[in-house]
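Asks: Sharing a structure with you now.
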Amino acid sequence: MTQFPSSFLWGAATSSFQIEGATTTDGRGPSIWETFCATPGKIADGTHGDIACDHYHLWEKDLDLLAWMGVKSYRFSIAWPRVMPTGRGAVNEAGLAFYSRLVDGLIARGIEPMVTLYHWDLPQALEDEGGWRVRSTVEAFVAYAEVVAKRLGDRVKYWVTHNEPWCIAHLGHGTGEQAPGEKNIGVSLRVAHHVMVSHGLAVPVIRANSPGAIVGIVLNLCPAHPASQSAADLEATRWFDGFFNRWYLDPIFGRGYPADKVADYQREGALPEGPLPFVEPGDMEAMAVPTDFLGINYYSRAIIRDDKAEGNLPAVVQSTGVATEMGWEVVPEALEKLLIDLRDEYGPKSILITENGAAYGTAPDGAGVIDDVERQAYFRGHIAAVGRARDAGVPVDGYFAWSLLDNFEWAFGYEKRFGLIWVDYETQERIPKQSAHLYRDIIAKAVAGEVAP
Ligand code: IFM
């Protein structure tokens with residue numbers, strides 16, 4: 001039980017492709033996600049984002065829901081192909097005007113906008129030129145960031161360059177589970193590098209065009225807990241932690257790429273021996289650009305077991321057995337530990353939990369009530385964990401629930417529902433779930449200076 005300060009940034013988050021729909025409206029160009037959705041077998045339920053939550057048309061209704069919940073901030077992303085239909089060059093005024101209206105609508109409701117520049121919807125035209133595999137996309141991203149910052153920077157203070165570089169790189173180019181669907185670990189490392197360099201180069205451009213900007217990057221982190229203290233499990237944990245977390249944290253905090261992981265990737269054939277082929281002079285400095293906050297998306301932890309090690313010690317860390325419909329274990333304590341570990345290891349000056357939430361399909365009952373008890377427990381537990389980390393001195397300054405709305409959950413299509421608000425995809429009706437009522441109460445209490453949750 002914690003008292004959150006009145007300055008604490010309570011929010012909710014979404015992303016453009018997951019909610020907007022209107023993929024061909026008002027001059028928007030195609031993105032890699034339309035191409036991916038059109039590829040048979042890629043999306044579990046065979047759907048696409050063409051309509052999604054039709055937020056492009058229903059945005060005022062959605063902003064009213066945010067205001068009703070009492071959030072102080074709304075984190076949304078800009079669809080690059082809406083602003084620059086072919087990724088570079090010509091700017092689509094209608095696309096920019098949409099986001100300008102959205103920002104004005106938020107401000108009119110007393111809600112602080114937080115803009116994410118890249119949440120995965122790369123213009124297809126850039127992908128056709130090599131996408132994140134090639135250096136020219138770094139330049140294109142910086143130019144795009146400048147266009148958006150110039151237009152919105154007078155009213156937007158909070159900026160996120162990229163959402164979850166691990167997903168962009170690994171799921172998009174390593175396993176191919178997400179767009180553009182390539183399966184090559186070596187390529188995924190090159191992509192990760194370009195994404196992080198583009199972050200570094202965009203930060204000063206955003207600052208130059210948005211007075212007083214508060215800028216950061218968002219990493220999805222998955223704390224790795226060894227199943228036992230055996231050498232094998234500890235080694236496997238090192239491997240996983242380097243692959244998922246340190247590959248991104250270390251360069252951003254000025255440490256360069258972790259040497260143990262470079263050696264792993266060289267041994268495994270994903271990288272050649274010698275200097276990293278994709279690193280150009282100045283890159284490591286660019287990636288380490290000082291930022292104002294570190295954004296963390298936390299959903300679950302991983303228990304790491306080397307199943308192949310002969311005579312391994314018995315596992316002592318067991319799953320809680322409680323998982324969301326994504327199969328992700330529910331462990332709020334792991335978020336608390338992650339925050340403390342990050343403070344001790346990297347010392348970020350400010351942390352924002354930019355996403356945290358749970359997929360459960362709880363539907364309206366006969367009376368139209370959606371009593372999503374598991375999601376309510378998830379939010380209560382994780383917000384309490386954030387509070388404990390704050391009490392322990394970790395500078396966590398905000399928390400954004402994922403997600404405002406049920407939406408297009410990438411390769412899972414519409415099968416997984418993360419929303420505080422239920423969306424009926426046939427009628428586009430929105431119904432606040434009981435978790436939305438809970439979140440509203442938590443925010444109201446915290447803002448009133450009472451102990452929450
Ligand atoms: O829906 C995604 C979001 O786009 C990025 N972070 C994780 C969420 C849940 O999978």
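Following the order of the structure tokens, chains are lettered A, B, ..., residues in each are numbered from 1, and ligands are numbered from 1.
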Each residue of range 398-434 of chain A lying at most 12 Å from range 158-176 of chain A should get a row with its shortest atom-to-atom pair and the distance in Å to one decimal, counting only C-alpha atoms; could you produce that, ordered by chain and increasing number, as a tab-separated table?
Replies:
residue	atom	partner	partner_atom	distance
A:Gly398	CA	A:Tyr158	CA	11.8
A:Trp410	CA	A:Leu171	CA	11.0
A:Ala411	CA	A:Leu171	CA	10.3
Asks: Which residues are near Glu280 in chain A? Cut-off 12 Å, only C-alpha atoms, ignore same chain within fewer than 2 positions. Put them as a ChimeraX atom specification.
Replies: /A:135,190,193-194,197,275-278,282-287
Asks: Write the residues of the selection above to a file with all heavy atoms, as a short mmCIF file (atom, residue, chain, number, x, y, z; two decimals), in the first residue's frame.
Replies:
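What follows is the written file part.cif:
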data_model
loop_
_atom_site.label_atom_id
_atom_site.label_comp_id
_atom_site.auth_asym_id
_atom_site.auth_seq_id
_atom_site.Cartn_x
_atom_site.Cartn_y
_atom_site.Cartn_z
N ARG A 135 20.75 1.15 -43.70
CA ARG A 135 21.08 2.40 -43.04
C ARG A 135 20.14 3.54 -43.45
O ARG A 135 19.85 4.45 -42.67
CB ARG A 135 22.52 2.72 -43.44
CG ARG A 135 23.23 3.68 -42.63
CD ARG A 135 23.87 3.03 -41.42
NE ARG A 135 24.19 4.09 -40.50
CZ ARG A 135 24.69 3.93 -39.29
NH1 ARG A 135 24.92 2.71 -38.82
NH2 ARG A 135 24.95 4.94 -38.55
N ARG A 190 21.36 -6.72 -36.82
CA ARG A 190 21.59 -5.51 -37.64
C ARG A 190 20.39 -4.56 -37.49
O ARG A 190 20.55 -3.35 -37.34
CB ARG A 190 21.76 -5.95 -39.11
CG ARG A 190 21.84 -4.83 -40.11
CD ARG A 190 22.03 -5.39 -41.53
NE ARG A 190 23.35 -6.00 -41.68
CZ ARG A 190 24.47 -5.35 -42.01
NH1 ARG A 190 24.41 -4.05 -42.26
NH2 ARG A 190 25.60 -5.98 -42.12
N HIS A 193 20.33 -2.80 -34.22
CA HIS A 193 21.33 -1.72 -34.22
C HIS A 193 20.77 -0.47 -34.92
O HIS A 193 20.84 0.64 -34.39
CB HIS A 193 22.61 -2.20 -34.90
CG HIS A 193 23.70 -1.18 -34.87
ND1 HIS A 193 24.39 -0.90 -33.72
CD2 HIS A 193 24.18 -0.35 -35.82
CE1 HIS A 193 25.27 0.07 -33.97
NE2 HIS A 193 25.17 0.41 -35.24
N HIS A 194 20.20 -0.67 -36.07
CA HIS A 194 19.68 0.49 -36.81
C HIS A 194 18.55 1.17 -36.04
O HIS A 194 18.44 2.41 -36.03
CB HIS A 194 19.21 0.06 -38.21
CG HIS A 194 20.36 -0.27 -39.11
ND1 HIS A 194 20.25 -1.14 -40.17
CD2 HIS A 194 21.65 0.14 -39.10
CE1 HIS A 194 21.43 -1.23 -40.78
NE2 HIS A 194 22.29 -0.46 -40.14
N VAL A 197 20.21 3.13 -33.22
CA VAL A 197 20.93 4.31 -33.72
C VAL A 197 19.91 5.39 -34.13
O VAL A 197 20.08 6.58 -33.84
CB VAL A 197 21.85 3.95 -34.92
CG1 VAL A 197 22.41 5.21 -35.57
CG2 VAL A 197 22.99 3.05 -34.46
N PRO A 275 35.16 -7.10 -35.59
CA PRO A 275 34.26 -5.99 -35.25
C PRO A 275 32.85 -6.23 -35.81
O PRO A 275 32.70 -6.86 -36.86
CB PRO A 275 34.90 -4.78 -35.92
CG PRO A 275 36.23 -5.22 -36.41
CD PRO A 275 36.27 -6.71 -36.44
N LEU A 276 31.87 -5.69 -35.12
CA LEU A 276 30.48 -5.87 -35.59
C LEU A 276 30.32 -5.15 -36.92
O LEU A 276 30.61 -3.95 -37.02
CB LEU A 276 29.50 -5.32 -34.56
CG LEU A 276 29.55 -5.99 -33.18
CD1 LEU A 276 28.49 -5.41 -32.24
CD2 LEU A 276 29.35 -7.49 -33.32
N PRO A 277 29.85 -5.86 -37.94
CA PRO A 277 29.85 -5.29 -39.30
C PRO A 277 28.92 -4.10 -39.47
O PRO A 277 29.13 -3.29 -40.37
CB PRO A 277 29.39 -6.48 -40.17
CG PRO A 277 28.75 -7.45 -39.24
CD PRO A 277 29.37 -7.24 -37.89
N PHE A 278 27.93 -3.99 -38.62
CA PHE A 278 26.95 -2.91 -38.84
C PHE A 278 27.26 -1.65 -38.04
O PHE A 278 26.56 -0.65 -38.16
CB PHE A 278 25.53 -3.40 -38.52
CG PHE A 278 25.43 -4.30 -37.32
CD1 PHE A 278 25.53 -3.79 -36.03
CD2 PHE A 278 25.23 -5.67 -37.49
CE1 PHE A 278 25.43 -4.61 -34.93
CE2 PHE A 278 25.14 -6.51 -36.38
CZ PHE A 278 25.24 -5.99 -35.09
N GLY A 282 30.73 6.57 -34.48
CA GLY A 282 29.73 7.46 -33.85
C GLY A 282 28.45 6.76 -33.41
O GLY A 282 27.66 7.32 -32.65
N ASP A 283 28.24 5.54 -33.89
CA ASP A 283 26.97 4.86 -33.56
C ASP A 283 26.81 4.62 -32.07
O ASP A 283 25.72 4.84 -31.51
CB ASP A 283 26.91 3.49 -34.25
CG ASP A 283 26.52 3.58 -35.71
OD1 ASP A 283 26.36 4.72 -36.21
OD2 ASP A 283 26.37 2.52 -36.36
N MET A 284 27.86 4.13 -31.43
CA MET A 284 27.71 3.76 -30.03
C MET A 284 27.44 5.01 -29.19
O MET A 284 26.64 4.97 -28.26
CB MET A 284 28.95 3.00 -29.51
CG MET A 284 29.26 1.72 -30.28
SD MET A 284 27.84 0.65 -30.71
CE MET A 284 27.29 0.06 -29.13
N GLU A 285 28.05 6.12 -29.57
CA GLU A 285 27.80 7.39 -28.86
C GLU A 285 26.35 7.83 -29.10
O GLU A 285 25.66 8.30 -28.20
CB GLU A 285 28.75 8.49 -29.35
CG GLU A 285 30.21 8.28 -28.98
CD GLU A 285 30.92 7.22 -29.82
OE1 GLU A 285 30.36 6.80 -30.86
OE2 GLU A 285 32.02 6.81 -29.45
N ALA A 286 25.91 7.67 -30.36
CA ALA A 286 24.54 8.10 -30.68
C ALA A 286 23.52 7.31 -29.85
O ALA A 286 22.59 7.88 -29.26
CB ALA A 286 24.26 7.89 -32.17
N MET A 287 23.71 5.99 -29.78
CA MET A 287 22.75 5.16 -29.04
C MET A 287 22.71 5.52 -27.56
O MET A 287 21.69 5.32 -26.90
CB MET A 287 23.16 3.69 -29.17
CG MET A 287 22.91 3.12 -30.54
SD MET A 287 24.03 1.76 -30.88
CE MET A 287 23.19 0.43 -30.13
#
Asks: Assign secondary structure with DSSP using the backbone only, and return the residues of range 50-182 of chain A in strand (DSSP E or B) as a list in words.
Replies: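 Listing strand (DSSP E or B) positions across range 50-182 of chain A yields Ser73, Tyr74, Arg75, Phe76, Ser77, Glu112, Pro113, Met114, Val115, Thr116, Leu117, Tyr118, Pro123, Tyr158, Trp159, Val160, Thr161, His162 and Asn163 of chain A.
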Asks: When the cut-off is 10 Å and you count only C-alpha atoms and all ligand atoms, which residues lie near ligand 1, shown as an NGL selection string?
Replies: :A and (13-18 or 119-120 or 163-164 or 167 or 218-220 or 296-299 or 326 or 328 or 354-359 or 402-403 or 406-412 or 416-419)
Asks: I'd like the neighbourhood of range 105-115 of chain A as a PyMOL selection string, where a residue qualifies if any of its atoms comes within 8 Å (using only C-alpha atoms), though same-chain residues fewer than 2 positions away should be ignored.
Replies: chain A and resi 60+63-64+67+71-78+101-103+117+156-160
Asks: I'd like the contact shell of Ile443 in chain A - 7 Å cut-off, only C-alpha atoms, skipping same-chain residues fewer than 4 positions apart - returned as a compact mmCIF listing (two decimals) with all heavy atoms, in the first residue's frame.
Replies:
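Once everything was written out, this is selection_24.txt:
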# COMPACT_ATOMS: atom_id res chain seq x y z
N TRP A 10 -0.38 8.82 -14.27
CA TRP A 10 -1.26 7.67 -14.51
C TRP A 10 -1.75 7.73 -15.94
O TRP A 10 -2.26 8.77 -16.36
CB TRP A 10 -2.46 7.71 -13.55
CG TRP A 10 -2.09 7.59 -12.11
CD1 TRP A 10 -1.94 8.59 -11.20
CD2 TRP A 10 -1.79 6.37 -11.43
NE1 TRP A 10 -1.58 8.07 -9.98
CE2 TRP A 10 -1.48 6.71 -10.08
CE3 TRP A 10 -1.75 5.02 -11.80
CZ2 TRP A 10 -1.14 5.76 -9.12
CZ3 TRP A 10 -1.42 4.08 -10.84
CH2 TRP A 10 -1.12 4.44 -9.53
N GLY A 70 -10.09 9.27 -15.82
CA GLY A 70 -9.28 10.18 -15.00
C GLY A 70 -7.80 10.09 -15.25
O GLY A 70 -7.01 10.56 -14.43
N TYR A 439 -9.45 0.87 -12.17
CA TYR A 439 -8.33 1.76 -12.48
C TYR A 439 -8.73 3.22 -12.20
O TYR A 439 -7.97 4.01 -11.64
CB TYR A 439 -7.90 1.57 -13.94
CG TYR A 439 -6.56 2.18 -14.29
CD1 TYR A 439 -5.47 2.06 -13.43
CD2 TYR A 439 -6.37 2.88 -15.48
CE1 TYR A 439 -4.23 2.64 -13.75
CE2 TYR A 439 -5.14 3.44 -15.81
CZ TYR A 439 -4.07 3.32 -14.93
OH TYR A 439 -2.86 3.88 -15.25
N VAL A 447 -4.76 10.42 -6.71
CA VAL A 447 -4.74 11.86 -6.96
C VAL A 447 -5.22 12.62 -5.72
O VAL A 447 -4.76 13.72 -5.43
CB VAL A 447 -5.58 12.19 -8.22
CG1 VAL A 447 -5.82 13.68 -8.36
CG2 VAL A 447 -4.90 11.64 -9.48
Asks: Of the residues A:Ala263, A:Ala202, A:Leu405, A:Val322, which is the one nearest to Cys53 in chain A, using only C-alpha atoms?
Replies: A:Leu405
Asks: Which is closer to Pro5 in chain A than all the others in A:Leu404, A:Gly212, A:Asp397, A:Ala270, using only C-alpha atoms?
Replies: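 Nearest candidate to Pro5 in chain A out of A:Leu404, A:Gly212, A:Asp397, A:Ala270: A:Asp397.
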Asks: Go through A:Arg155, A:Pro85, A:Asp104, A:Glu325 and flag the residue nearest Gly361 in chain A, using only C-alpha atoms for the distances.
Replies: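 Between A:Arg155, A:Pro85, A:Asp104, A:Glu325, the residue approaching Gly361 in chain A most closely is A:Glu325.
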